[in-house]
>>> print(open('upload.txt').read())   # compact mmCIF, N, CA and C atoms
# COMPACT_ATOMS: atom_id res chain seq x y z
N MET A 28 7.92 -9.68 11.55
CA MET A 28 7.69 -9.70 10.12
C MET A 28 6.66 -8.64 9.71
N THR A 29 5.56 -8.60 10.44
CA THR A 29 4.51 -7.64 10.11
C THR A 29 5.02 -6.22 10.23
N PHE A 30 5.78 -5.95 11.29
CA PHE A 30 6.32 -4.60 11.49
C PHE A 30 7.25 -4.21 10.34
N LEU A 31 8.08 -5.13 9.90
CA LEU A 31 8.98 -4.86 8.78
C LEU A 31 8.21 -4.55 7.50
N VAL A 32 7.17 -5.34 7.24
CA VAL A 32 6.36 -5.11 6.03
C VAL A 32 5.67 -3.76 6.11
N PHE A 33 5.15 -3.39 7.28
CA PHE A 33 4.51 -2.09 7.40
C PHE A 33 5.50 -0.95 7.23
N CYS A 34 6.72 -1.14 7.71
CA CYS A 34 7.75 -0.10 7.50
C CYS A 34 8.04 0.05 6.01
N LEU A 35 8.15 -1.06 5.30
CA LEU A 35 8.41 -1.00 3.86
C LEU A 35 7.22 -0.47 3.08
N CYS A 36 6.01 -0.74 3.56
CA CYS A 36 4.82 -0.25 2.86
C CYS A 36 4.65 1.26 2.99
N ASN A 37 5.33 1.86 3.92
CA ASN A 37 5.28 3.31 4.03
C ASN A 37 6.36 3.99 3.22
N ALA A 38 7.09 3.22 2.43
CA ALA A 38 8.19 3.78 1.64
C ALA A 38 7.68 4.74 0.56
N ILE A 39 6.64 4.37 -0.15
CA ILE A 39 6.16 5.24 -1.23
C ILE A 39 5.62 6.56 -0.70
N PRO A 40 4.71 6.56 0.29
CA PRO A 40 4.27 7.87 0.79
C PRO A 40 5.42 8.70 1.38
N ALA A 41 6.39 8.04 1.98
CA ALA A 41 7.52 8.78 2.56
C ALA A 41 8.43 9.37 1.48
N LEU A 42 8.56 8.68 0.35
CA LEU A 42 9.46 9.12 -0.71
C LEU A 42 8.80 10.01 -1.76
N LEU A 43 7.49 10.20 -1.69
CA LEU A 43 6.80 10.99 -2.71
C LEU A 43 7.39 12.39 -2.92
N PRO A 44 7.75 13.11 -1.88
CA PRO A 44 8.31 14.44 -2.14
C PRO A 44 9.64 14.41 -2.90
N SER A 45 10.36 13.30 -2.88
CA SER A 45 11.66 13.25 -3.53
C SER A 45 11.60 12.84 -5.00
N PHE A 46 10.46 12.37 -5.48
CA PHE A 46 10.36 11.97 -6.88
C PHE A 46 10.31 13.20 -7.77
N ARG A 47 11.12 13.20 -8.82
CA ARG A 47 11.17 14.31 -9.78
C ARG A 47 10.74 13.79 -11.15
N TYR A 48 10.04 14.64 -11.88
CA TYR A 48 9.53 14.25 -13.18
C TYR A 48 9.94 15.27 -14.22
N ALA A 49 10.01 14.81 -15.48
CA ALA A 49 10.38 15.70 -16.57
C ALA A 49 9.29 16.75 -16.76
N ASN A 50 9.69 17.97 -17.02
CA ASN A 50 8.80 19.08 -17.34
C ASN A 50 7.85 19.46 -16.20
N THR A 51 8.15 19.10 -14.98
CA THR A 51 7.32 19.55 -13.85
C THR A 51 8.23 20.09 -12.76
N GLU A 52 7.80 21.16 -12.17
CA GLU A 52 8.50 21.73 -11.03
C GLU A 52 7.93 21.11 -9.77
N PRO A 53 8.76 20.80 -8.78
CA PRO A 53 8.22 20.26 -7.54
C PRO A 53 7.33 21.30 -6.86
N SER A 54 6.14 20.90 -6.50
CA SER A 54 5.22 21.82 -5.84
C SER A 54 4.27 21.04 -4.95
N ALA A 55 3.59 21.76 -4.10
CA ALA A 55 2.63 21.14 -3.19
C ALA A 55 1.45 20.55 -3.96
N ILE A 56 1.11 21.16 -5.08
CA ILE A 56 -0.02 20.66 -5.88
C ILE A 56 0.33 19.29 -6.46
N HIS A 57 1.53 19.14 -6.99
CA HIS A 57 1.92 17.84 -7.53
C HIS A 57 2.00 16.79 -6.43
N TYR A 58 2.51 17.17 -5.27
CA TYR A 58 2.56 16.23 -4.15
C TYR A 58 1.15 15.82 -3.74
N GLY A 59 0.26 16.76 -3.67
CA GLY A 59 -1.13 16.46 -3.31
C GLY A 59 -1.81 15.57 -4.34
N MET A 60 -1.52 15.81 -5.61
CA MET A 60 -2.10 14.97 -6.65
C MET A 60 -1.57 13.54 -6.56
N ARG A 61 -0.28 13.41 -6.28
CA ARG A 61 0.31 12.07 -6.15
C ARG A 61 -0.28 11.32 -4.95
N MET A 62 -0.42 12.03 -3.82
CA MET A 62 -1.03 11.38 -2.64
C MET A 62 -2.49 11.04 -2.91
N GLY A 63 -3.18 11.90 -3.64
CA GLY A 63 -4.58 11.63 -3.99
C GLY A 63 -4.74 10.42 -4.89
N ILE A 64 -3.85 10.26 -5.85
CA ILE A 64 -3.90 9.10 -6.74
C ILE A 64 -3.59 7.83 -5.96
N PHE A 65 -2.61 7.89 -5.06
CA PHE A 65 -2.28 6.75 -4.21
C PHE A 65 -3.49 6.38 -3.35
N GLY A 66 -4.12 7.37 -2.76
CA GLY A 66 -5.32 7.12 -1.95
C GLY A 66 -6.49 6.63 -2.78
N GLY A 67 -6.60 7.13 -4.01
CA GLY A 67 -7.65 6.65 -4.90
C GLY A 67 -7.48 5.17 -5.22
N GLY A 68 -6.24 4.74 -5.37
CA GLY A 68 -5.99 3.32 -5.58
C GLY A 68 -6.38 2.50 -4.37
N ALA A 69 -6.12 3.04 -3.18
CA ALA A 69 -6.50 2.35 -1.95
C ALA A 69 -8.02 2.24 -1.83
N VAL A 70 -8.72 3.27 -2.22
CA VAL A 70 -10.18 3.23 -2.19
C VAL A 70 -10.71 2.26 -3.24
N ALA A 71 -10.12 2.26 -4.41
CA ALA A 71 -10.54 1.32 -5.46
C ALA A 71 -10.32 -0.12 -5.03
N ALA A 72 -9.29 -0.35 -4.24
CA ALA A 72 -9.02 -1.70 -3.76
C ALA A 72 -10.14 -2.21 -2.88
N ALA A 73 -10.81 -1.31 -2.19
CA ALA A 73 -11.93 -1.74 -1.34
C ALA A 73 -13.02 -2.41 -2.18
N LEU A 74 -13.15 -1.98 -3.41
CA LEU A 74 -14.14 -2.59 -4.30
C LEU A 74 -13.64 -3.89 -4.90
N LEU A 75 -12.33 -4.06 -4.98
CA LEU A 75 -11.73 -5.23 -5.63
C LEU A 75 -11.37 -6.36 -4.67
N VAL A 76 -11.15 -6.05 -3.41
CA VAL A 76 -10.60 -7.04 -2.49
C VAL A 76 -11.52 -8.25 -2.33
N SER A 77 -12.81 -8.03 -2.21
CA SER A 77 -13.70 -9.18 -2.02
C SER A 77 -13.68 -10.11 -3.23
N ALA A 78 -13.64 -9.56 -4.43
CA ALA A 78 -13.57 -10.40 -5.63
C ALA A 78 -12.22 -11.12 -5.71
N LEU A 79 -11.15 -10.45 -5.32
CA LEU A 79 -9.83 -11.08 -5.34
C LEU A 79 -9.72 -12.18 -4.30
N ARG A 80 -10.36 -11.98 -3.15
CA ARG A 80 -10.32 -13.01 -2.10
C ARG A 80 -11.06 -14.28 -2.51
N MET A 81 -12.01 -14.16 -3.42
CA MET A 81 -12.70 -15.34 -3.93
C MET A 81 -11.83 -16.14 -4.89
N ARG A 82 -10.97 -15.45 -5.61
CA ARG A 82 -10.12 -16.11 -6.60
C ARG A 82 -8.84 -16.67 -6.03
N PHE A 83 -8.26 -15.99 -5.04
CA PHE A 83 -6.96 -16.36 -4.50
C PHE A 83 -7.08 -16.66 -3.02
N THR A 84 -6.14 -17.49 -2.53
CA THR A 84 -6.06 -17.66 -1.09
C THR A 84 -5.44 -16.39 -0.50
N GLU A 85 -5.55 -16.25 0.80
CA GLU A 85 -5.03 -15.03 1.42
C GLU A 85 -3.52 -14.93 1.25
N ARG A 86 -2.84 -16.04 1.33
CA ARG A 86 -1.38 -16.05 1.16
C ARG A 86 -0.99 -15.66 -0.27
N GLN A 87 -1.69 -16.20 -1.26
CA GLN A 87 -1.41 -15.84 -2.65
C GLN A 87 -1.68 -14.37 -2.91
N LEU A 88 -2.78 -13.88 -2.34
CA LEU A 88 -3.14 -12.47 -2.53
C LEU A 88 -2.10 -11.56 -1.89
N LEU A 89 -1.62 -11.94 -0.73
CA LEU A 89 -0.60 -11.14 -0.05
C LEU A 89 0.72 -11.16 -0.84
N ARG A 90 1.10 -12.30 -1.36
CA ARG A 90 2.32 -12.38 -2.20
C ARG A 90 2.18 -11.49 -3.43
N LEU A 91 1.04 -11.58 -4.08
CA LEU A 91 0.80 -10.76 -5.27
C LEU A 91 0.85 -9.27 -4.93
N ALA A 92 0.22 -8.88 -3.83
CA ALA A 92 0.20 -7.47 -3.45
C ALA A 92 1.59 -6.97 -3.07
N LEU A 93 2.33 -7.76 -2.31
CA LEU A 93 3.69 -7.35 -1.93
C LEU A 93 4.60 -7.25 -3.15
N SER A 94 4.48 -8.19 -4.07
CA SER A 94 5.29 -8.14 -5.30
C SER A 94 4.92 -6.93 -6.14
N THR A 95 3.64 -6.67 -6.26
CA THR A 95 3.18 -5.52 -7.04
C THR A 95 3.65 -4.22 -6.42
N TYR A 96 3.56 -4.13 -5.11
CA TYR A 96 4.00 -2.91 -4.42
C TYR A 96 5.50 -2.68 -4.64
N GLY A 97 6.29 -3.73 -4.53
CA GLY A 97 7.73 -3.61 -4.77
C GLY A 97 8.05 -3.20 -6.19
N LEU A 98 7.34 -3.79 -7.15
CA LEU A 98 7.55 -3.42 -8.56
C LEU A 98 7.16 -1.97 -8.82
N MET A 99 6.09 -1.52 -8.19
CA MET A 99 5.66 -0.13 -8.39
C MET A 99 6.65 0.84 -7.75
N LEU A 100 7.29 0.44 -6.65
CA LEU A 100 8.32 1.29 -6.05
C LEU A 100 9.51 1.43 -6.99
N ILE A 101 9.89 0.34 -7.61
CA ILE A 101 10.98 0.39 -8.60
C ILE A 101 10.55 1.22 -9.81
N ALA A 102 9.31 1.01 -10.25
CA ALA A 102 8.81 1.77 -11.41
C ALA A 102 8.78 3.26 -11.13
N LEU A 103 8.39 3.64 -9.94
CA LEU A 103 8.35 5.07 -9.60
C LEU A 103 9.74 5.69 -9.61
N ALA A 104 10.73 4.92 -9.24
CA ALA A 104 12.10 5.43 -9.28
C ALA A 104 12.60 5.57 -10.71
N MET A 105 12.07 4.75 -11.62
CA MET A 105 12.54 4.76 -13.00
C MET A 105 11.74 5.69 -13.90
N PHE A 106 10.43 5.80 -13.68
CA PHE A 106 9.58 6.62 -14.55
C PHE A 106 9.89 8.09 -14.35
N LYS A 107 10.08 8.78 -15.45
CA LYS A 107 10.27 10.22 -15.41
C LYS A 107 9.08 10.95 -16.06
N VAL A 108 8.16 10.18 -16.62
CA VAL A 108 6.96 10.76 -17.22
C VAL A 108 5.87 10.77 -16.16
N TYR A 109 5.27 11.92 -15.96
CA TYR A 109 4.31 12.13 -14.88
C TYR A 109 3.10 11.19 -14.97
N VAL A 110 2.57 10.98 -16.16
CA VAL A 110 1.38 10.14 -16.34
C VAL A 110 1.67 8.70 -15.95
N PHE A 111 2.81 8.19 -16.36
CA PHE A 111 3.17 6.81 -16.01
C PHE A 111 3.36 6.66 -14.51
N SER A 112 3.93 7.67 -13.89
CA SER A 112 4.11 7.60 -12.44
C SER A 112 2.77 7.63 -11.72
N MET A 113 1.80 8.35 -12.25
CA MET A 113 0.47 8.38 -11.63
C MET A 113 -0.21 7.01 -11.74
N ILE A 114 -0.04 6.34 -12.86
CA ILE A 114 -0.60 4.99 -13.01
C ILE A 114 0.06 4.04 -12.02
N ALA A 115 1.39 4.15 -11.89
CA ALA A 115 2.11 3.31 -10.93
C ALA A 115 1.67 3.59 -9.50
N LEU A 116 1.42 4.86 -9.18
CA LEU A 116 0.95 5.21 -7.84
C LEU A 116 -0.44 4.65 -7.57
N PHE A 117 -1.31 4.67 -8.56
CA PHE A 117 -2.65 4.10 -8.38
C PHE A 117 -2.56 2.60 -8.10
N ILE A 118 -1.76 1.90 -8.88
CA ILE A 118 -1.59 0.46 -8.68
C ILE A 118 -0.95 0.18 -7.32
N ALA A 119 0.02 1.00 -6.93
CA ALA A 119 0.65 0.84 -5.61
C ALA A 119 -0.36 1.07 -4.50
N GLY A 120 -1.29 2.00 -4.68
CA GLY A 120 -2.33 2.23 -3.68
C GLY A 120 -3.24 1.03 -3.52
N VAL A 121 -3.56 0.39 -4.64
CA VAL A 121 -4.37 -0.84 -4.58
C VAL A 121 -3.61 -1.91 -3.80
N ALA A 122 -2.34 -2.11 -4.14
CA ALA A 122 -1.54 -3.13 -3.47
C ALA A 122 -1.38 -2.81 -1.99
N TRP A 123 -1.17 -1.55 -1.65
CA TRP A 123 -1.03 -1.15 -0.25
C TRP A 123 -2.29 -1.49 0.55
N SER A 124 -3.43 -1.21 -0.02
CA SER A 124 -4.68 -1.49 0.67
C SER A 124 -4.89 -2.99 0.88
N VAL A 125 -4.54 -3.79 -0.11
CA VAL A 125 -4.66 -5.25 0.03
C VAL A 125 -3.73 -5.75 1.13
N ILE A 126 -2.52 -5.22 1.19
CA ILE A 126 -1.57 -5.63 2.21
C ILE A 126 -2.09 -5.28 3.60
N VAL A 127 -2.55 -4.06 3.77
CA VAL A 127 -3.03 -3.61 5.08
C VAL A 127 -4.25 -4.41 5.52
N THR A 128 -5.20 -4.63 4.62
CA THR A 128 -6.39 -5.39 5.02
C THR A 128 -6.07 -6.85 5.31
N SER A 129 -5.11 -7.41 4.60
CA SER A 129 -4.71 -8.80 4.87
C SER A 129 -4.10 -8.94 6.26
N PHE A 130 -3.20 -8.02 6.61
CA PHE A 130 -2.59 -8.08 7.93
C PHE A 130 -3.60 -7.77 9.03
N ASN A 131 -4.49 -6.83 8.79
CA ASN A 131 -5.49 -6.51 9.81
C ASN A 131 -6.44 -7.68 10.05
N SER A 132 -6.86 -8.35 9.00
CA SER A 132 -7.76 -9.49 9.18
C SER A 132 -7.04 -10.66 9.85
N ALA A 133 -5.75 -10.83 9.56
CA ALA A 133 -4.98 -11.88 10.24
C ALA A 133 -4.84 -11.57 11.72
N ALA A 134 -4.61 -10.31 12.04
CA ALA A 134 -4.52 -9.92 13.45
C ALA A 134 -5.86 -10.10 14.15
N LEU A 135 -6.93 -9.81 13.47
CA LEU A 135 -8.26 -9.98 14.04
C LEU A 135 -8.54 -11.44 14.38
N ARG A 136 -8.14 -12.33 13.51
CA ARG A 136 -8.36 -13.76 13.75
C ARG A 136 -7.41 -14.33 14.80
N ALA A 137 -6.29 -13.68 15.04
CA ALA A 137 -5.29 -14.22 15.96
C ALA A 137 -5.71 -14.08 17.42
N PHE A 138 -6.52 -13.09 17.74
CA PHE A 138 -6.90 -12.85 19.13
C PHE A 138 -8.23 -13.50 19.45
N SER A 139 -8.35 -13.96 20.69
CA SER A 139 -9.62 -14.53 21.14
C SER A 139 -10.63 -13.40 21.30
N PRO A 140 -11.92 -13.70 21.24
CA PRO A 140 -12.92 -12.64 21.37
C PRO A 140 -12.80 -11.82 22.65
N ALA A 141 -12.37 -12.45 23.72
CA ALA A 141 -12.26 -11.73 24.99
C ALA A 141 -11.13 -10.70 24.97
N LEU A 142 -10.10 -10.96 24.21
CA LEU A 142 -8.94 -10.06 24.18
C LEU A 142 -8.80 -9.30 22.86
N ARG A 143 -9.76 -9.42 21.99
CA ARG A 143 -9.63 -8.86 20.64
C ARG A 143 -9.44 -7.35 20.64
N ALA A 144 -10.22 -6.62 21.40
CA ALA A 144 -10.12 -5.15 21.39
C ALA A 144 -8.76 -4.69 21.91
N ARG A 145 -8.30 -5.29 23.00
CA ARG A 145 -7.00 -4.91 23.55
C ARG A 145 -5.87 -5.28 22.60
N GLY A 146 -5.94 -6.49 22.07
CA GLY A 146 -4.89 -6.93 21.15
C GLY A 146 -4.82 -6.09 19.90
N LEU A 147 -5.97 -5.77 19.32
CA LEU A 147 -5.96 -4.95 18.10
C LEU A 147 -5.51 -3.52 18.38
N SER A 148 -5.83 -2.99 19.55
CA SER A 148 -5.38 -1.63 19.86
C SER A 148 -3.86 -1.59 19.97
N ILE A 149 -3.26 -2.61 20.57
CA ILE A 149 -1.80 -2.66 20.66
C ILE A 149 -1.19 -2.90 19.27
N TYR A 150 -1.82 -3.76 18.48
CA TYR A 150 -1.35 -4.05 17.12
C TYR A 150 -1.34 -2.75 16.28
N ILE A 151 -2.41 -1.99 16.34
CA ILE A 151 -2.50 -0.76 15.55
C ILE A 151 -1.51 0.27 16.09
N LEU A 152 -1.35 0.35 17.39
CA LEU A 152 -0.40 1.30 17.98
C LEU A 152 1.03 0.99 17.53
N VAL A 153 1.40 -0.27 17.54
CA VAL A 153 2.76 -0.65 17.13
C VAL A 153 2.97 -0.37 15.65
N ASN A 154 1.99 -0.67 14.81
CA ASN A 154 2.16 -0.47 13.38
C ASN A 154 2.06 1.00 12.97
N ALA A 155 1.32 1.79 13.70
CA ALA A 155 1.20 3.20 13.36
C ALA A 155 2.39 4.03 13.88
N ALA A 156 3.03 3.54 14.90
CA ALA A 156 4.15 4.29 15.49
C ALA A 156 5.41 3.96 14.78
>>> encode(input="upload.txt", output="structure tokens")
Amino acid sequence: MTFLVFCLCNAIPALLPSFRYANTEPSAIHYGMRMGIFGGGAVAAALLVSALRMRFTERQLLRLALSTYGLMLIALAMFKVYVFSMIALFIAGVAWSVIVTSFNSAALRAFSPALRARGLSIYILVNAA
């Protein structure tokens, strides 16, 4: 399940070069700006996650983040206006960061202290590959 979710969570960064917008030519600058906005959302999530974890259970937060990420993927496919797509990318970056931190913290709790380093290294290797 975790592997499937991580594969799906890489859909937006993988599809960014294929998104086309009205009145813009595809270029490396636009791709870099889109990746930067996505990353900015991920960084902003670092400031929001602790407050969100106080309000929601981990399961509720993960459902919300996965739903938001899916909606933003659909929105990116539909939006042809560059500004709206940037807002969707920022929100998707926030959701992506919440998803990744939720799975990482669950993996951290799953291993005993004696095996934690080995287990997490294999977990990260499988998800990154």
>>> closest_residue(input="upload.txt", among="A:Phe33, A:Ala38, A:Gly67, A:Tyr58", to="A:Val121", atoms="all atoms listed in the file")
A:Gly67
>>> closest_residue(input="upload.txt", among="A:Ile126, A:Ala115, A:Leu42, A:Ala102", to="A:Leu89", atoms="all atoms listed in the file")
A:Ile126
>>> closest_residue(input="upload.txt", among="A:Ala155, A:Ala69, A:Ala55, A:Ala144", to="A:Asn37", atoms="only C-alpha atoms")
A:Ala155
>>> residues_around(input="upload.txt", residues="A:Arg61", least_positions_apart="3", cutoff="9 Å", atoms="only C-alpha atoms", output="ChimeraX atom specification")
/A:43,56-58,64-66,112-113,116-117
>>> atom_distance(input="upload.txt", atom1="atom C of A:Tyr109", atom2="atom CA of A:Ala73")
24.1 Å
>>> atom_distance(input="upload.txt", atom1="atom C of A:Ala41", atom2="atom N of A:Ile149")
25.4 Å
>>> atom_distance(input="upload.txt", atom1="atom N of A:Phe106", atom2="atom C of A:Ala72")
24.6 Å
>>> residues_around(input="upload.txt", residues="stretch 76-87 of chain A", least_positions_apart="6", cutoff="8 Å", atoms="only N, CA and C atoms", output="list in words")
Leu93, Ser124, Val125 and Ser129 of chain A
>>> residues_around(input="upload.txt", residues="stretch 131-138 of chain A", least_positions_apart="3", cutoff="10 Å", atoms="only C-alpha atoms", output="list in words")
Thr29, Glu85, Val125, Ile126, Val127, Thr128, Ala141, Leu142, Arg143, Ala144, Arg145, Gly146, Leu147, Tyr150 and Ile151 of chain A
>>> decode(input="upload.txt", residues="stretch 120-153 of chain A", atoms="N, CA and C atoms", output="PDB file, in the first residue's frame")
ATOM      1  N   GLY A 120       1.967  20.570  -3.098  1.00  0.00           N
ATOM      2  CA  GLY A 120       3.221  20.430  -2.362  1.00  0.00           C
ATOM      3  C   GLY A 120       2.989  20.277  -0.868  1.00  0.00           C
ATOM      4  N   VAL A 121       2.030  21.025  -0.351  1.00  0.00           N
ATOM      5  CA  VAL A 121       1.673  20.884   1.075  1.00  0.00           C
ATOM      6  C   VAL A 121       1.149  19.473   1.333  1.00  0.00           C
ATOM      7  N   ALA A 122       0.233  19.011   0.484  1.00  0.00           N
ATOM      8  CA  ALA A 122      -0.341  17.677   0.668  1.00  0.00           C
ATOM      9  C   ALA A 122       0.727  16.599   0.528  1.00  0.00           C
ATOM     10  N   TRP A 123       1.632  16.748  -0.429  1.00  0.00           N
ATOM     11  CA  TRP A 123       2.708  15.778  -0.624  1.00  0.00           C
ATOM     12  C   TRP A 123       3.580  15.668   0.624  1.00  0.00           C
ATOM     13  N   SER A 124       3.907  16.789   1.204  1.00  0.00           N
ATOM     14  CA  SER A 124       4.749  16.777   2.399  1.00  0.00           C
ATOM     15  C   SER A 124       4.039  16.110   3.580  1.00  0.00           C
ATOM     16  N   VAL A 125       2.763  16.358   3.733  1.00  0.00           N
ATOM     17  CA  VAL A 125       1.998  15.721   4.812  1.00  0.00           C
ATOM     18  C   VAL A 125       1.954  14.209   4.604  1.00  0.00           C
ATOM     19  N   ILE A 126       1.773  13.774   3.368  1.00  0.00           N
ATOM     20  CA  ILE A 126       1.735  12.343   3.070  1.00  0.00           C
ATOM     21  C   ILE A 126       3.069  11.688   3.398  1.00  0.00           C
ATOM     22  N   VAL A 127       4.149  12.294   2.943  1.00  0.00           N
ATOM     23  CA  VAL A 127       5.477  11.718   3.160  1.00  0.00           C
ATOM     24  C   VAL A 127       5.820  11.674   4.649  1.00  0.00           C
ATOM     25  N   THR A 128       5.546  12.749   5.374  1.00  0.00           N
ATOM     26  CA  THR A 128       5.873  12.736   6.805  1.00  0.00           C
ATOM     27  C   THR A 128       5.001  11.753   7.576  1.00  0.00           C
ATOM     28  N   SER A 129       3.758  11.581   7.160  1.00  0.00           N
ATOM     29  CA  SER A 129       2.888  10.606   7.832  1.00  0.00           C
ATOM     30  C   SER A 129       3.404   9.183   7.650  1.00  0.00           C
ATOM     31  N   PHE A 130       3.789   8.846   6.426  1.00  0.00           N
ATOM     32  CA  PHE A 130       4.308   7.503   6.184  1.00  0.00           C
ATOM     33  C   PHE A 130       5.667   7.296   6.855  1.00  0.00           C
ATOM     34  N   ASN A 131       6.509   8.317   6.852  1.00  0.00           N
ATOM     35  CA  ASN A 131       7.811   8.176   7.499  1.00  0.00           C
ATOM     36  C   ASN A 131       7.674   7.996   9.007  1.00  0.00           C
ATOM     37  N   SER A 132       6.777   8.730   9.623  1.00  0.00           N
ATOM     38  CA  SER A 132       6.593   8.578  11.068  1.00  0.00           C
ATOM     39  C   SER A 132       5.962   7.230  11.408  1.00  0.00           C
ATOM     40  N   ALA A 133       5.082   6.724  10.543  1.00  0.00           N
ATOM     41  CA  ALA A 133       4.515   5.396  10.768  1.00  0.00           C
ATOM     42  C   ALA A 133       5.582   4.323  10.643  1.00  0.00           C
ATOM     43  N   ALA A 134       6.469   4.481   9.672  1.00  0.00           N
ATOM     44  CA  ALA A 134       7.563   3.520   9.523  1.00  0.00           C
ATOM     45  C   ALA A 134       8.508   3.591  10.716  1.00  0.00           C
ATOM     46  N   LEU A 135       8.745   4.763  11.222  1.00  0.00           N
ATOM     47  CA  LEU A 135       9.615   4.931  12.383  1.00  0.00           C
ATOM     48  C   LEU A 135       9.050   4.220  13.603  1.00  0.00           C
ATOM     49  N   ARG A 136       7.754   4.315  13.791  1.00  0.00           N
ATOM     50  CA  ARG A 136       7.115   3.656  14.941  1.00  0.00           C
ATOM     51  C   ARG A 136       7.001   2.146  14.758  1.00  0.00           C
ATOM     52  N   ALA A 137       7.044   1.667  13.540  1.00  0.00           N
ATOM     53  CA  ALA A 137       6.839   0.242  13.280  1.00  0.00           C
ATOM     54  C   ALA A 137       8.050  -0.606  13.671  1.00  0.00           C
ATOM     55  N   PHE A 138       9.236  -0.031  13.654  1.00  0.00           N
ATOM     56  CA  PHE A 138      10.445  -0.795  13.942  1.00  0.00           C
ATOM     57  C   PHE A 138      10.849  -0.645  15.395  1.00  0.00           C
ATOM     58  N   SER A 139      11.402  -1.714  15.945  1.00  0.00           N
ATOM     59  CA  SER A 139      11.917  -1.650  17.315  1.00  0.00           C
ATOM     60  C   SER A 139      13.189  -0.799  17.316  1.00  0.00           C
ATOM     61  N   PRO A 140      13.547  -0.233  18.460  1.00  0.00           N
ATOM     62  CA  PRO A 140      14.748   0.616  18.501  1.00  0.00           C
ATOM     63  C   PRO A 140      16.019  -0.089  18.029  1.00  0.00           C
ATOM     64  N   ALA A 141      16.114  -1.377  18.268  1.00  0.00           N
ATOM     65  CA  ALA A 141      17.315  -2.103  17.869  1.00  0.00           C
ATOM     66  C   ALA A 141      17.430  -2.241  16.349  1.00  0.00           C
ATOM     67  N   LEU A 142      16.313  -2.278  15.666  1.00  0.00           N
ATOM     68  CA  LEU A 142      16.317  -2.477  14.213  1.00  0.00           C
ATOM     69  C   LEU A 142      15.892  -1.236  13.432  1.00  0.00           C
ATOM     70  N   ARG A 143      15.699  -0.135  14.107  1.00  0.00           N
ATOM     71  CA  ARG A 143      15.129   1.055  13.475  1.00  0.00           C
ATOM     72  C   ARG A 143      15.981   1.582  12.322  1.00  0.00           C
ATOM     73  N   ALA A 144      17.274   1.690  12.505  1.00  0.00           N
ATOM     74  CA  ALA A 144      18.139   2.245  11.449  1.00  0.00           C
ATOM     75  C   ALA A 144      18.134   1.352  10.210  1.00  0.00           C
ATOM     76  N   ARG A 145      18.248   0.055  10.408  1.00  0.00           N
ATOM     77  CA  ARG A 145      18.240  -0.868   9.270  1.00  0.00           C
ATOM     78  C   ARG A 145      16.884  -0.868   8.572  1.00  0.00           C
ATOM     79  N   GLY A 146      15.832  -0.920   9.361  1.00  0.00           N
ATOM     80  CA  GLY A 146      14.491  -0.932   8.774  1.00  0.00           C
ATOM     81  C   GLY A 146      14.179   0.329   7.999  1.00  0.00           C
ATOM     82  N   LEU A 147      14.538   1.479   8.555  1.00  0.00           N
ATOM     83  CA  LEU A 147      14.276   2.740   7.847  1.00  0.00           C
ATOM     84  C   LEU A 147      15.130   2.880   6.598  1.00  0.00           C
ATOM     85  N   SER A 148      16.349   2.373   6.630  1.00  0.00           N
ATOM     86  CA  SER A 148      17.186   2.469   5.426  1.00  0.00           C
ATOM     87  C   SER A 148      16.587   1.633   4.293  1.00  0.00           C
ATOM     88  N   ILE A 149      16.061   0.455   4.613  1.00  0.00           N
ATOM     89  CA  ILE A 149      15.417  -0.366   3.587  1.00  0.00           C
ATOM     90  C   ILE A 149      14.112   0.286   3.126  1.00  0.00           C
ATOM     91  N   TYR A 150      13.359   0.855   4.065  1.00  0.00           N
ATOM     92  CA  TYR A 150      12.103   1.532   3.737  1.00  0.00           C
ATOM     93  C   TYR A 150      12.365   2.695   2.758  1.00  0.00           C
ATOM     94  N   ILE A 151      13.364   3.501   3.042  1.00  0.00           N
ATOM     95  CA  ILE A 151      13.669   4.645   2.189  1.00  0.00           C
ATOM     96  C   ILE A 151      14.202   4.168   0.839  1.00  0.00           C
ATOM     97  N   LEU A 152      15.006   3.125   0.839  1.00  0.00           N
ATOM     98  CA  LEU A 152      15.536   2.587  -0.418  1.00  0.00           C
ATOM     99  C   LEU A 152      14.404   2.088  -1.320  1.00  0.00           C
ATOM    100  N   VAL A 153      13.458   1.378  -0.753  1.00  0.00           N
ATOM    101  CA  VAL A 153      12.339   0.848  -1.543  1.00  0.00           C
ATOM    102  C   VAL A 153      11.475   1.984  -2.078  1.00  0.00           C
TER     103      VAL A 153
END
